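Have a look at the structure below before the remarks.
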Amino acid sequence: MRRESPAPLGHARERGATGGATAVAHPNIALIKYWGKRDEQLVLPRVDSLSMTLDVFPTTTRIRLAPGAGHDEVTLDGRPAGGEALRRVVAFLDLVRERAGLAHRAVVDSENTVPTGAGLASSASGFAALALAAAAAYGLDLDATALSRLARRGSGSASRSVFGDFAVWHAGPASGTAAEADLGSHAEPVPVGDLDAALVIAVVDAGPKTVSSREAMRRTVDTSPLYESWAVSSRGDLTEMRAALLAGDIEAVGEIAERNALGMHATMLAARPAVRYLSPATLTVLDGVLRLRRDGVPAYATMDAGPNVKVLCRRTDADRVARTVRDAVPGGSVLVAGPGPGARLLHGDDR
Ligand code: 2P0
């Protein structure tokens, strides 16, 4: 039986003495997007972003230190990891080892329930869970802010999945030393009024994407003439979004989220060569969202580095929105998500 851990963080040093830990984290969907880095090594973004952590698609990651082993052993969804996925996990563990002053290699086993690579942010839940599990196993005593900073180094969006509900990820100071920038770039919870939000997720294509978001954002920053103007307008969007969330104004939250996402995709379409994640099925869902609005249902779309659509609406409208979306893409799968929990360690029977 699963039970909630009342204290998700802290006491990591004592647990680390056991040399193993298991953590669970959920994906998040950005309402104000992270798109573009100013430092690839430190994973420092060019803009602040803001997201809702979901209550679906958790990633569970187990890590066990393997003293004497010559290399890390990483299993993702039951299969040995290789290539870029393995390289990223090992680089992340190297960072944790350096901080912990402990050279032991590790055995990592991670289970995603989100379709990997489908633009549904499996790297966010993945690196948030890995950061928490690895910090505990190697004995790093981190509070939630420090954990968010660490998760960021694995994948930018993972910094936000450390927290539940709504979180803002600060880009951090644009000037100053690297250490100051690193310190300032972490997520934190965002106060929200009476919003009662749901995200209706339309998976129109669960296959892997053709261009990684990492490569796509690099290309956009380097070549898109629209990038800077989107980045500037995104700052205004964030300010307005915070006010709309606090007021519990679902229409305003949705309008701002939708324009921010469409603007991000516009920057990609103008990149050279263009990056186009939106498919005909995406546009069919967007037409359905427009019809809902015309019928008086507040529903607003956001899309990430893939063709899938997440429709923000009131929870009380979620069934109707889900029906419309299902009718729009008969081959797709649709589910309703709500705000979910932050990353937490599992203990004993939970594992
Ligand atoms: C977001 N995305 O804010 C944006 C919107 C995709 C579109 O965060 O290079 O996997 O590992 O820091 O976090 C996807 O980017 O990229 C992402 P890296 P990440 O959710």
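In the structure tokens, chains take letters A, B, ... by order of appearance, with residues numbered from 1 within each chain and ligands from 1 in the order shown.
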Can you pull out every residue within 12 Å of Arg242 (chain A), counting only C-alpha atoms, but drop anything in the same chain fewer than 3 positions away, and send it as a PyMOL selection string? chain A and resi 31-32+48-51+166-168+189-193+235-239+245-250+252-253+256-257
Let's see if you can do this: from backbone DSSP, list all strand (DSSP E or B) residues in region 106-350 of chain A, as number ranges by chain. A: 106-112, 166-169, 187-189, 197-203, 299-303, 309-314, 333-337, 339, 344-346
Writer output for current selection, C-alpha atoms, as a tab-separated table (two decimals), in the first residue's frame:
```
chain	number	residue	atom	x	y	z
A	106	ALA	CA	25.28	3.49	-8.81
A	107	VAL	CA	22.54	1.25	-10.10
A	108	VAL	CA	19.55	3.31	-11.24
A	109	ASP	CA	16.18	1.94	-12.20
A	110	SER	CA	13.57	4.39	-13.46
A	111	GLU	CA	9.97	3.69	-14.50
A	112	ASN	CA	8.04	6.30	-16.44
A	166	PHE	CA	1.85	25.67	-9.46
A	167	ALA	CA	5.52	26.65	-9.52
A	168	VAL	CA	7.57	29.44	-11.03
A	169	TRP	CA	11.16	28.81	-12.14
A	187	ALA	CA	11.68	27.03	-8.79
A	188	GLU	CA	9.33	27.94	-5.94
A	189	PRO	CA	5.60	27.53	-5.28
A	197	ALA	CA	-8.19	23.91	-12.77
A	198	ALA	CA	-7.89	20.79	-14.86
A	199	LEU	CA	-5.74	19.98	-17.87
A	200	VAL	CA	-7.34	17.73	-20.46
A	201	ILE	CA	-4.43	16.00	-22.14
A	202	ALA	CA	-4.90	14.90	-25.74
A	203	VAL	CA	-2.17	12.49	-26.77
A	299	ALA	CA	-11.04	26.19	-22.52
A	300	TYR	CA	-7.53	27.12	-23.64
A	301	ALA	CA	-4.76	25.13	-25.29
A	302	THR	CA	-1.05	24.77	-24.66
A	303	MET	CA	1.49	22.67	-26.57
A	309	VAL	CA	-2.40	19.35	-26.70
A	310	LYS	CA	-3.21	20.14	-23.09
A	311	VAL	CA	-6.47	21.99	-22.62
A	312	LEU	CA	-6.83	24.12	-19.52
A	313	CYS	CA	-10.35	24.39	-18.16
A	314	ARG	CA	-12.39	24.32	-14.97
A	333	SER	CA	-6.15	9.11	-26.14
A	334	VAL	CA	-7.52	11.70	-23.74
A	335	LEU	CA	-7.22	11.98	-19.99
A	336	VAL	CA	-7.97	14.58	-17.36
A	337	ALA	CA	-5.24	15.73	-14.99
A	339	PRO	CA	-2.73	19.70	-9.90
A	344	ARG	CA	8.83	12.78	-2.55
A	345	LEU	CA	10.87	9.91	-1.21
A	346	LEU	CA	9.18	6.54	-0.81
```
If you count only C-alpha atoms and all ligand atoms, which residues end up within 10 Å of ligand 1, as a ChimeraX atom specification? /A:27-37,40,42-45,47-52,88,117,119-127,151-160,169,212-218,260-261,264-265,302-306
Quick one: residues within 8 Å of Thr113 (chain A), only C-alpha atoms, excluding same-chain residues fewer than 4 positions away - as a ChimeraX atom specification? /A:57-59
For the residues selected in the previous step, produce a file with N, CA and C atoms as a compact mmCIF listing (two decimals), in the first residue's frame.
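Output (selection-v9.txt):
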```txt
# COMPACT_ATOMS: atom_id res chain seq x y z
N PHE A 57 0.87 10.32 -14.57
CA PHE A 57 2.15 10.00 -15.21
C PHE A 57 3.37 10.12 -14.30
N PRO A 58 3.34 9.57 -13.07
CA PRO A 58 4.52 9.68 -12.22
C PRO A 58 5.72 8.88 -12.76
N THR A 59 6.89 9.33 -12.39
CA THR A 59 8.12 8.56 -12.62
C THR A 59 8.63 8.10 -11.26
```
Interatomic distance (Å, one decimal) between CA of Ala135 (chain A) and CA of Val96 (chain A): 6.8 Å
Set out as a Markdown table a contact list for region 209-302 of chain A and region 324-332 of chain A with a cut-off of 10 Å, giving each residue of region 209-302 of chain A that qualifies its closest atom pair and distance in Å to one decimal, counting only C-alpha atoms, ordered by chain and rising residue number.
```
| residue | atom | partner | partner_atom | distance |
| --- | --- | --- | --- | --- |
| A:Ala281 | CA | A:Val329 | CA | 6.6 |
| A:Thr282 | CA | A:Val329 | CA | 8.9 |
| A:Leu283 | CA | A:Ala328 | CA | 9.7 |
| A:Thr284 | CA | A:Ala328 | CA | 6.2 |
| A:Val285 | CA | A:Ala328 | CA | 5.9 |
| A:Leu286 | CA | A:Val325 | CA | 8.9 |
| A:Asp287 | CA | A:Ala328 | CA | 8.4 |
| A:Gly288 | CA | A:Thr324 | CA | 6.3 |
| A:Val289 | CA | A:Val325 | CA | 7.7 |
| A:Arg291 | CA | A:Thr324 | CA | 8.9 |
| A:Leu292 | CA | A:Thr324 | CA | 7.8 |
```
